[in-house]
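Below is the file upload04.txt, which contains compact mmCIF, C-alpha atoms.
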```txt
# COMPACT_ATOMS: atom_id res chain seq x y z
CA MET A 1 27.97 -37.38 29.97
CA THR A 2 29.92 -34.87 32.08
CA PHE A 3 33.15 -35.84 30.34
CA GLY A 4 31.49 -35.34 26.93
CA LEU A 5 30.30 -31.89 27.93
CA PHE A 6 33.78 -31.03 29.24
CA LYS A 7 35.30 -32.19 25.97
CA GLU A 8 32.79 -30.13 24.02
CA ILE A 9 33.62 -27.00 26.00
CA ALA A 10 37.35 -27.66 25.68
CA TYR A 11 37.07 -28.18 21.96
CA SER A 12 35.01 -25.03 21.49
CA LYS A 13 37.66 -23.05 23.42
CA VAL A 14 40.49 -24.55 21.38
CA LEU A 15 38.61 -23.76 18.20
CA THR A 16 37.99 -20.18 19.35
CA PHE A 17 41.67 -19.78 20.20
CA LEU A 18 42.73 -21.16 16.81
CA VAL A 19 40.42 -18.76 14.99
CA LEU A 20 41.73 -15.85 17.06
CA TYR A 21 45.35 -16.90 16.39
CA LEU A 22 44.56 -17.00 12.69
CA VAL A 23 43.11 -13.50 12.94
CA VAL A 24 46.32 -12.32 14.62
CA ILE A 25 48.52 -13.96 11.94
CA VAL A 26 46.50 -12.41 9.12
CA TYR A 27 46.55 -9.05 10.87
CA GLU A 28 50.29 -9.09 11.56
CA THR A 29 51.23 -10.20 8.05
CA LEU A 30 48.76 -8.33 5.90
CA LEU A 31 47.00 -5.57 7.78
CA ALA A 32 49.26 -4.18 10.53
CA ASP A 33 50.91 -1.64 8.22
CA ILE A 34 47.57 -0.53 6.81
CA PHE A 35 46.21 0.18 10.30
CA ARG A 36 49.38 1.97 11.41
CA LEU A 37 48.90 5.66 12.16
CA GLY A 38 52.34 7.27 12.07
CA PRO A 39 54.31 5.76 14.92
CA ALA A 40 51.19 4.33 16.55
CA ARG A 41 50.27 0.73 15.83
CA LEU A 42 47.12 -1.12 16.71
CA ASP A 43 47.95 -4.00 19.06
CA LEU A 44 45.20 -6.36 17.96
CA GLY A 45 46.76 -9.36 19.70
CA LEU A 46 46.58 -7.59 23.04
CA LEU A 47 42.98 -6.55 22.40
CA LEU A 48 42.06 -10.16 21.75
CA LEU A 49 43.93 -11.25 24.88
CA ILE A 50 41.94 -8.76 26.96
CA TYR A 51 38.73 -9.92 25.32
CA VAL A 52 39.49 -13.57 26.10
CA THR A 53 40.55 -12.83 29.68
CA LEU A 54 37.54 -10.69 30.51
CA ASN A 55 35.00 -12.92 28.79
CA GLN A 56 36.33 -16.42 29.29
CA GLY A 57 38.25 -16.09 32.52
CA THR A 58 41.80 -15.84 33.76
CA LYS A 59 42.87 -19.44 33.12
CA PRO A 60 41.89 -19.51 29.44
CA GLY A 61 43.37 -16.01 29.20
CA ILE A 62 46.73 -17.18 30.52
CA ILE A 63 46.82 -20.10 28.09
CA PHE A 64 45.70 -17.90 25.20
CA GLY A 65 48.30 -15.29 26.16
CA PHE A 66 51.03 -17.92 26.25
CA GLY A 67 50.15 -19.16 22.75
CA LEU A 68 49.72 -15.64 21.41
CA GLY A 69 53.08 -14.61 22.82
CA LEU A 70 54.79 -17.60 21.20
CA LEU A 71 53.11 -16.78 17.92
CA LEU A 72 54.35 -13.19 18.02
CA ASP A 73 57.79 -14.29 19.22
CA LEU A 74 58.27 -16.15 15.93
CA MET A 75 58.99 -12.79 14.34
CA THR A 76 61.92 -12.23 16.72
CA PRO A 77 63.30 -15.75 17.25
CA LEU A 78 66.13 -14.50 19.46
CA TRP A 79 63.55 -13.67 22.12
CA LEU A 80 61.39 -16.74 21.62
CA GLY A 81 59.50 -17.21 24.89
CA LEU A 82 59.67 -13.61 26.09
CA ASP A 83 56.35 -12.45 24.72
CA SER A 84 54.63 -15.62 25.92
CA LEU A 85 55.98 -14.87 29.40
CA ILE A 86 54.76 -11.27 29.24
CA LYS A 87 51.38 -12.02 27.70
CA SER A 88 50.54 -14.80 30.17
CA THR A 89 51.59 -12.52 33.05
CA LEU A 90 49.48 -9.70 31.66
CA SER A 91 46.51 -11.98 31.39
CA TYR A 92 46.98 -13.03 35.01
CA LEU A 93 47.19 -9.41 36.13
CA MET A 94 44.08 -8.56 34.14
CA GLY A 95 42.33 -11.43 35.86
CA LEU A 96 43.22 -9.88 39.21
CA PHE A 97 42.06 -6.50 37.96
CA LYS A 98 38.80 -8.03 36.83
CA GLU A 99 38.19 -9.69 40.19
CA SER A 100 39.16 -6.77 42.37
CA LEU A 101 37.88 -3.81 40.37
CA PHE A 102 34.73 -2.83 38.62
CA VAL A 103 35.33 -3.42 34.93
CA GLU A 104 31.81 -3.26 33.63
CA SER A 105 32.04 0.36 32.60
CA ILE A 106 33.55 1.18 29.22
CA PHE A 107 36.00 3.66 30.75
CA SER A 108 37.56 1.16 33.12
CA LYS A 109 37.90 -1.29 30.22
CA LEU A 110 39.57 1.37 28.13
CA LEU A 111 41.91 2.14 31.01
CA LEU A 112 42.69 -1.57 31.18
CA VAL A 113 43.55 -1.66 27.45
CA PHE A 114 45.68 1.48 27.77
CA LEU A 115 47.63 0.12 30.72
CA ALA A 116 47.98 -3.31 29.12
CA VAL A 117 49.65 -1.85 26.02
CA LEU A 118 51.97 0.27 28.17
CA VAL A 119 52.94 -2.58 30.50
CA ASN A 120 53.35 -5.03 27.61
CA ASP A 121 55.72 -2.76 25.70
CA PHE A 122 57.53 -1.61 28.84
CA LEU A 123 58.27 -5.16 29.96
CA ARG A 124 59.34 -6.18 26.49
CA PHE A 125 61.68 -3.23 26.05
CA CYS A 126 63.08 -3.70 29.56
CA CYS A 127 64.09 -7.25 28.66
CA THR A 128 65.33 -6.58 25.15
CA TYR A 129 67.31 -3.48 26.16
CA SER A 130 68.56 -4.93 29.46
CA PHE A 131 66.78 -2.24 31.52
CA ASP A 132 68.73 0.55 29.83
CA PHE A 133 66.22 3.35 30.34
CA THR A 134 68.15 5.79 28.17
CA LYS A 135 67.21 3.58 25.23
CA ILE A 136 63.76 2.57 26.44
CA GLY A 137 62.54 6.13 27.09
CA PRO A 138 62.67 7.40 23.50
CA ILE A 139 60.79 4.30 22.29
CA LEU A 140 58.11 4.44 24.95
CA TRP A 141 57.46 8.02 23.96
CA PRO A 142 55.93 8.51 21.45
CA THR A 143 55.56 5.01 19.97
CA THR A 144 54.15 3.08 22.91
CA LEU A 145 52.09 5.89 24.37
CA LEU A 146 50.48 6.69 21.03
CA SER A 147 49.93 3.00 20.35
CA ALA A 148 48.22 2.68 23.74
CA VAL A 149 45.94 5.63 22.94
CA TYR A 150 45.22 4.29 19.46
CA THR A 151 44.52 0.73 20.66
CA SER A 152 42.27 2.05 23.44
CA GLY A 153 40.42 4.20 20.92
CA VAL A 154 39.81 1.26 18.62
CA ALA A 155 38.74 -0.85 21.60
CA GLY A 156 36.30 1.88 22.67
CA LEU A 157 34.88 2.07 19.17
CA ALA A 158 34.47 -1.70 19.03
CA MET A 159 32.75 -1.71 22.44
CA PHE A 160 30.46 1.11 21.39
CA LEU A 161 29.50 -0.65 18.16
CA THR A 162 28.91 -4.04 19.78
CA LYS A 163 27.11 -2.70 22.84
CA THR A 164 23.75 -4.43 23.17
CA LYS A 165 20.86 -2.61 24.73
CA LYS A 166 19.43 -4.21 27.82
CA PRO A 167 15.76 -5.12 27.34
CA LYS A 168 13.37 -2.93 29.28
CA LEU A 169 11.36 -4.65 32.00
CA GLN A 170 7.72 -4.98 31.17
CA THR A 171 5.46 -3.52 33.85
CA THR A 172 1.86 -4.34 34.15
CA MET B 1 53.86 -28.73 50.08
CA LEU B 2 50.41 -27.42 49.24
CA ARG B 3 49.94 -26.39 52.90
CA VAL B 4 53.20 -24.48 52.80
CA LEU B 5 52.09 -22.55 49.73
CA GLY B 6 48.82 -21.74 51.47
CA PRO B 7 46.29 -19.52 49.70
CA PHE B 8 48.49 -19.41 46.58
CA SER B 9 47.85 -23.05 45.85
CA ARG B 10 44.08 -22.67 46.11
CA ASN B 11 43.86 -20.44 43.08
CA LYS B 12 44.25 -22.55 39.94
CA SER B 13 45.18 -19.50 37.87
CA ASN B 14 48.42 -19.27 39.85
CA TRP B 15 49.40 -22.77 38.79
CA TYR B 16 48.54 -22.01 35.17
CA LEU B 17 50.69 -18.90 35.36
CA LEU B 18 53.57 -20.79 36.95
CA ALA B 19 53.37 -23.46 34.26
CA CYS B 20 53.40 -20.80 31.49
CA TRP B 21 56.31 -19.03 33.13
CA ALA B 22 58.26 -22.26 33.43
CA LEU B 23 57.62 -23.11 29.80
CA SER B 24 58.45 -19.59 28.60
CA ILE B 25 61.68 -19.45 30.58
CA ALA B 26 62.63 -22.91 29.31
CA ILE B 27 62.07 -21.74 25.74
CA LEU B 28 63.99 -18.52 26.41
CA ALA B 29 66.88 -20.52 27.81
CA LEU B 30 67.16 -22.71 24.71
CA PRO B 31 70.36 -22.21 22.69
CA ARG B 32 70.02 -19.65 19.92
CA PRO B 33 70.39 -22.06 16.97
CA TYR B 34 67.56 -24.25 18.30
CA LYS B 35 65.32 -21.24 18.80
CA ALA B 36 66.14 -19.88 15.36
CA SER B 37 65.57 -23.15 13.52
CA ALA B 38 62.35 -23.94 15.41
CA ALA B 39 61.01 -20.42 14.88
CA ASN B 40 61.98 -20.53 11.22
CA LEU B 41 60.21 -23.85 10.71
CA ILE B 42 56.98 -22.69 12.37
CA TRP B 43 57.21 -19.31 10.66
CA GLN B 44 57.40 -21.03 7.28
CA ILE B 45 54.19 -22.92 8.03
CA LEU B 46 52.14 -20.22 9.76
CA TYR B 47 53.28 -16.87 8.44
CA ALA B 48 55.00 -17.45 5.10
CA PRO B 49 51.84 -18.20 3.06
CA PHE B 50 50.21 -14.99 4.28
CA TYR B 51 53.38 -12.97 3.71
CA GLN B 52 53.66 -14.33 0.18
CA ALA B 53 50.00 -13.57 -0.49
CA GLY B 54 50.52 -10.07 0.94
CA GLU B 55 53.56 -9.50 -1.24
CA LYS B 56 51.59 -10.54 -4.32
CA ILE B 57 48.70 -8.25 -3.41
CA ARG B 58 51.11 -5.37 -2.77
CA GLY B 59 52.84 -6.14 -6.08
CA LEU B 60 49.54 -6.05 -7.95
CA TYR B 61 48.60 -2.80 -6.25
CA GLN B 62 52.00 -1.35 -7.18
CA VAL B 63 51.62 -2.48 -10.79
CA GLN B 64 48.14 -0.97 -10.92
CA ARG B 65 49.44 2.36 -9.63
CA GLU B 66 52.36 2.30 -12.06
CA ASN B 67 49.95 1.45 -14.84
CA GLN B 68 47.79 4.45 -13.97
CA GLU B 69 50.86 6.71 -13.91
CA LEU B 70 52.08 5.34 -17.22
CA ARG B 71 48.65 5.83 -18.80
CA LYS B 72 48.71 9.42 -17.63
CA ASP B 73 52.19 9.88 -19.07
CA LEU B 74 51.10 8.18 -22.28
CA ALA B 75 48.15 10.53 -22.64
CA ALA B 76 50.42 13.55 -22.13
CA LEU B 77 52.98 12.17 -24.57
CA THR B 78 50.28 11.45 -27.14
CA VAL B 79 49.19 15.07 -27.02
CA GLU B 80 52.81 16.20 -27.22
CA ASN B 81 53.40 13.81 -30.10
CA ASN B 82 50.43 15.22 -31.97
CA ILE B 83 51.76 18.74 -31.57
CA LEU B 84 55.24 17.64 -32.63
CA GLU B 85 53.80 15.82 -35.63
CA GLU B 86 52.08 19.02 -36.68
CA GLU B 87 55.33 20.91 -36.27
CA ARG B 88 57.27 18.22 -38.15
CA GLN B 89 54.91 18.48 -41.08
CA GLU B 90 55.09 22.24 -41.01
CA ASN B 91 58.88 22.00 -40.86
CA GLN B 92 58.88 19.59 -43.79
CA ARG B 93 56.74 21.94 -45.86
CA LEU B 94 59.00 24.88 -45.07
CA ARG B 95 62.09 22.85 -45.89
CA GLN B 96 60.54 21.82 -49.17
CA LEU B 97 59.82 25.46 -49.93
CA LEU B 98 63.47 26.27 -49.18
CA GLU B 99 64.60 23.16 -51.08
CA PHE B 100 66.39 21.75 -48.03
CA LYS B 101 67.04 18.05 -47.58
CA ASN B 102 64.29 16.42 -45.58
CA ILE B 103 64.59 13.78 -42.93
CA LEU B 104 61.48 11.89 -43.86
CA ASP B 105 61.34 9.11 -41.39
CA PHE B 106 63.32 7.00 -39.01
CA GLU B 107 63.22 3.46 -37.71
CA VAL B 108 64.43 2.28 -34.32
CA ILE B 109 66.01 -1.16 -34.10
CA PRO B 110 66.07 -2.52 -30.54
CA ALA B 111 69.02 -4.64 -29.46
CA GLU B 112 70.37 -6.22 -26.29
CA VAL B 113 73.92 -5.79 -25.10
CA ILE B 114 75.43 -9.27 -25.40
CA ALA B 115 79.05 -8.59 -24.50
CA ARG B 116 81.18 -5.82 -23.10
CA ASP B 117 84.71 -5.28 -21.97
CA PRO B 118 84.61 -5.72 -18.19
CA ASN B 119 87.55 -3.37 -17.71
CA PHE B 120 86.09 -0.59 -19.90
CA ARG B 121 89.51 -0.03 -21.42
CA VAL B 122 88.07 0.22 -24.91
CA ASN B 123 84.52 1.26 -24.41
CA SER B 124 82.62 -0.73 -26.92
CA VAL B 125 79.88 -3.31 -26.60
CA LEU B 126 78.44 -6.00 -28.79
CA ILE B 127 74.71 -5.85 -29.44
CA SER B 128 72.31 -8.50 -30.63
CA ALA B 129 71.21 -6.76 -33.85
CA GLY B 130 73.22 -7.07 -37.01
CA ALA B 131 73.20 -6.45 -40.73
CA ARG B 132 70.31 -8.89 -41.20
CA LEU B 133 68.08 -6.44 -39.29
CA GLY B 134 69.36 -3.50 -41.29
CA VAL B 135 72.12 -2.33 -38.99
CA GLN B 136 74.93 -0.57 -40.81
CA ARG B 137 78.23 0.99 -39.86
CA ASP B 138 78.01 4.55 -38.44
CA LEU B 139 74.36 4.40 -37.40
CA PRO B 140 73.70 6.29 -34.13
CA VAL B 141 72.88 4.25 -31.04
CA ILE B 142 70.78 5.51 -28.13
CA ASP B 143 69.41 4.16 -24.89
CA ILE B 144 66.09 5.32 -23.45
CA ARG B 145 67.72 8.44 -22.00
CA GLY B 146 69.94 9.69 -24.79
CA LEU B 147 72.83 9.15 -27.18
CA ALA B 148 74.98 6.15 -26.28
CA GLY B 149 77.34 5.76 -29.24
CA LYS B 150 77.52 4.62 -32.84
CA VAL B 151 77.83 1.35 -34.73
CA THR B 152 81.43 0.72 -35.71
CA GLU B 153 81.00 -2.69 -37.33
CA ALA B 154 77.89 -4.57 -38.43
CA PHE B 155 78.13 -8.37 -38.65
CA PRO B 156 75.23 -10.48 -39.89
CA ASP B 157 73.75 -11.18 -36.43
CA TYR B 158 75.48 -8.76 -34.13
CA SER B 159 77.19 -5.40 -34.21
CA SER B 160 79.92 -3.58 -32.41
CA VAL B 161 79.02 -0.24 -30.83
CA GLN B 162 81.53 2.44 -29.91
CA MET B 163 80.24 4.11 -26.75
CA LEU B 164 80.48 7.76 -25.70
CA PHE B 165 83.17 6.84 -23.18
CA ASP B 166 85.57 5.69 -25.86
CA PRO B 167 88.63 7.93 -26.25
CA GLY B 168 88.14 7.94 -30.02
CA PHE B 169 84.49 8.98 -29.93
CA LYS B 170 83.62 12.50 -31.10
CA VAL B 171 80.27 14.04 -31.93
CA SER B 172 79.29 17.55 -32.86
CA GLY B 173 77.18 18.95 -30.01
CA LEU B 174 75.10 22.01 -29.37
CA VAL B 175 73.95 23.85 -26.25
CA GLN B 176 70.22 23.63 -26.80
CA ARG B 177 69.42 26.93 -25.09
CA SER B 178 72.06 29.21 -26.61
CA ARG B 179 72.90 27.18 -29.77
CA VAL B 180 76.63 27.30 -28.94
CA ALA B 181 78.36 24.48 -30.82
CA GLY B 182 81.35 22.33 -29.91
CA ILE B 183 82.75 18.85 -30.13
CA VAL B 184 81.65 16.35 -27.50
CA ALA B 185 84.39 13.95 -26.43
CA TRP B 186 85.12 11.68 -23.48
CA LYS B 187 86.92 13.49 -20.68
CA GLY B 188 87.62 10.51 -18.46
CA GLY B 189 85.69 8.72 -15.76
CA GLN B 190 81.98 9.21 -16.32
CA LEU B 191 82.22 12.67 -17.84
CA LEU B 192 82.17 14.13 -21.32
CA GLU B 193 83.48 17.50 -22.43
CA LEU B 194 82.19 20.02 -24.94
CA GLU B 195 85.43 21.08 -26.60
CA TYR B 196 86.27 24.20 -28.58
CA VAL B 197 83.67 26.40 -26.88
CA PRO B 198 84.85 30.03 -27.10
CA SER B 199 85.46 31.68 -23.73
CA ALA B 200 82.81 34.32 -24.44
CA ALA B 201 80.15 31.73 -25.32
CA ASP B 202 76.96 31.51 -23.29
CA VAL B 203 77.07 28.15 -21.51
CA GLN B 204 75.64 27.55 -18.06
CA VAL B 205 75.51 24.67 -15.64
CA GLY B 206 72.30 22.72 -16.28
CA ASP B 207 72.23 23.45 -20.02
CA GLU B 208 71.18 20.55 -22.17
CA ILE B 209 73.59 19.36 -24.86
CA VAL B 210 72.12 17.82 -28.00
CA THR B 211 73.57 16.63 -31.29
CA SER B 212 73.97 19.51 -33.72
CA GLY B 213 73.15 17.59 -36.88
CA LEU B 214 76.30 18.91 -38.50
CA SER B 215 77.55 15.40 -39.17
CA ARG B 216 75.96 12.89 -41.54
CA ILE B 217 75.75 10.29 -38.77
CA TYR B 218 73.60 11.79 -36.05
CA PRO B 219 70.22 13.44 -36.56
CA THR B 220 69.68 16.86 -35.01
CA GLY B 221 68.48 17.15 -31.45
CA LEU B 222 69.48 13.79 -29.93
CA LYS B 223 70.02 14.39 -26.24
CA ILE B 224 73.61 13.81 -25.11
CA GLY B 225 73.80 15.13 -21.55
CA ARG B 226 73.62 18.05 -19.17
CA VAL B 227 76.35 20.57 -18.34
CA THR B 228 77.64 19.94 -14.82
CA ARG B 229 80.56 22.37 -14.67
CA VAL B 230 81.76 25.37 -16.65
CA SER B 231 85.22 26.82 -16.04
CA GLN B 232 87.83 28.86 -17.80
CA ASP B 233 91.53 28.12 -18.21
CA PRO B 234 93.25 31.57 -18.27
CA ARG B 235 95.86 30.27 -20.72
CA SER B 236 93.26 28.96 -23.15
CA LEU B 237 90.88 30.57 -25.61
CA PHE B 238 88.24 27.99 -24.85
CA LYS B 239 85.94 27.20 -21.97
CA ILE B 240 86.04 23.90 -20.13
CA VAL B 241 82.50 22.53 -20.28
CA GLU B 242 81.91 19.25 -18.47
CA ILE B 243 78.88 17.16 -19.36
CA SER B 244 77.23 14.31 -17.55
CA PRO B 245 75.72 12.00 -20.19
CA TYR B 246 72.08 10.96 -19.94
CA ALA B 247 72.73 7.43 -21.16
CA ASP B 248 73.65 4.92 -18.45
CA LEU B 249 76.77 3.75 -20.27
CA TYR B 250 78.19 1.36 -17.68
CA ASN B 251 75.01 -0.52 -16.90
CA VAL B 252 73.14 -0.31 -20.17
CA GLU B 253 71.41 -3.53 -21.20
CA GLU B 254 69.19 -2.40 -24.04
CA LEU B 255 70.16 -0.12 -26.89
CA PHE B 256 68.35 1.21 -29.94
CA ILE B 257 69.88 1.83 -33.32
CA ILE B 258 68.39 4.76 -35.21
CA LYS B 259 68.03 4.18 -38.91
CA THR B 260 67.13 7.41 -40.65
CA PHE B 261 65.91 7.83 -44.17
CA ILE B 262 67.08 11.02 -45.78
CA GLN B 263 65.53 12.28 -48.94
```

Go through the file and emit its structure as structure tokens.
Amino acid sequence: MTFGLFKEIAYSKVLTFLVLYLVVIVYETLLADIFRLGPARLDLGLLLLIYVTLNQGTKPGIIFGFGLGLLLDLMTPLWLGLDSLIKSTLSYLMGLFKESLFVESIFSKLLLVFLAVLVNDFLRFCCTYSFDFTKIGPILWPTTLLSAVYTSGVAGLAMFLTKTKKPKLQTT
Amino acid sequence: MLRVLGPFSRNKSNWYLLACWALSIAILALPRPYKASAANLIWQILYAPFYQAGEKIRGLYQVQRENQELRKDLAALTVENNILEEERQENQRLRQLLEFKNILDFEVIPAEVIARDPNFRVNSVLISAGARLGVQRDLPVIDIRGLAGKVTEAFPDYSSVQMLFDPGFKVSGLVQRSRVAGIVAWKGGQLLELEYVPSAADVQVGDEIVTSGLSRIYPTGLKIGRVTRVSQDPRSLFKIVEISPYADLYNVEELFIIKTFIQ
């Protein structure tokens, strides 16, 4: 009985992850350029990673991040494994953030998204450019910073639109 | 071992993270060819179908936009054509009044370039239209941009065309703006020259050169090229007028033979 329930939960998680991966593939192949605003790009994969980590927990987040990273690494096969390393680490850090800080407010979540985009790109550029900050600097500004602002903005909009009102307590 | 690790081992997330790190680093450490072939294989399965679909959608969108542009151009050209038709008829009436010869109509015979001299030593090409389609010797040949040459020999199913870049090619040309006449000939390379232009003649860079209609081969007003340089040799009575032809003579694939009917 318990094993069946465990299997059911596991399957539902796997299914959710697969659907989210499919969303990321479709976005990266068909929609990323449409949603691009000048140098700023919407990091949908990272948004989904944050969503999974905050809603389903750190462990599923780490696994999802690992898979997501591998999926994105396919576009740059030379660095296959790098994004999975970064995304799983990010998910772990977000888990810590979630446990130690108050992340219920929209602003702290937006800050989390903003920082996640910055850290993700920073770590990636540090590895790909061998910590050569003369090269990393011009990419971080304006591309990464604007992308972080843009992604946070979209995240804020999504949170605002999906916010459910708490039911008022009935008093007699 | 677990006691040594202490509080770290109690949090399962840490173990998940370590496992992911280990896997990621193992993948990163794989030799490049393995990574490339594995990534390529998975990419083909996961991404390629979406990329192909995206390309098709983008292609359709592009075609739709081009179609819209072409329709707009077509509408503008239709209006222009109507005006020109009016003017042609008026011109015909006036010519009849003056008892001039009338160019009543013309027919364009499309043809593909089927052979060319790869070294461009003698600049002539063979085209896929011949005498069976009505092609005759000395008919003018154009591409979509302007004059390209003339038919030098018409065989039953193909014809030989002498191109503008042939040393023996000459055509009577006219500066469209100032009506200054000269002889257009190949200068070398990808340039033509308007020869025998008096040094006092009004020719400027950017002027359009068209056929003058002074020969019996070419109708009046066929575009030849644009003036790219005008200079003066102090020892000569004539100007040096260089022309860049409109027709893409080295890469042309389709040509049109103009068959005119003169009354």

note = Min atom-atom distance to chain A from the set B:Gly173, B:Pro31, B:Pro198, B:Gly188, counting all atoms listed in the file, belongs to B:Pro31

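Compared by their closest atoms to chain A, and using only C-alpha atoms, the residues B:Trp21, B:Phe256, B:Tyr196, B:Phe106 rank with B:Trp21 nearest.
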
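Ranking B:Trp43, B:Phe165, B:Trp186, B:Tyr158 by their shortest atom-to-atom distance to chain A, with only C-alpha atoms included, puts B:Trp43 first.
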
key: Check: which chain B residues lie within 7 Å of chain A using only C-alpha atoms, as a list in words   = Ser13, Tyr16, Leu17, Cys20, Trp21, Ser24, Ile25, Ile27, Leu28, Arg32, Lys35, Ala36, Ala39, Trp43, Tyr47, Phe50, Tyr51 and Gly54 of chain B

ask   = Using only C-alpha atoms, which residues sit within 10 Å of range 125-131 of chain A once same-chain residues fewer than 4 positions away are excluded, as a VMD selection string?
value = chain A and resid 78 to 79 82 119 to 121 135 to 137 139 to 140

note = CA of Ala154 in chain B to CA of Gln136 in chain B measures 5.5 Å

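You will find CA of Ser215 in chain B at 7.9 Å from CA of Val171 in chain B.
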
task = Please indicate the distance in Å from CA of Gln176 in chain B to CA of Ser124 in chain B, rounded to one decimal place.
result = 27.3 Å

key: Selection: 7 Å around Glu107 in chain B, all atoms listed in the file, excl. self and same-chain fewer than 6 positions, as JSON, numbers by chain   = {"B": [258, 259, 260]}

Near-Arg116 in chain B list (9 Å; all atoms listed in the file; drop same-chain fewer than 6 positions) as a PyMOL selection string = chain B and resi 123-126

Please put the answer as JSON: centre and edge lengths, in Å with one decimal, of a box along x, y and z that encloses all listed atoms of range 203-219 of chain B plus 6 Å on each side.
```
{"center_x": 73.9, "center_y": 19.2, "center_z": -28.6, "size_x": 19.3, "size_y": 29.9, "size_z": 37.9}
```
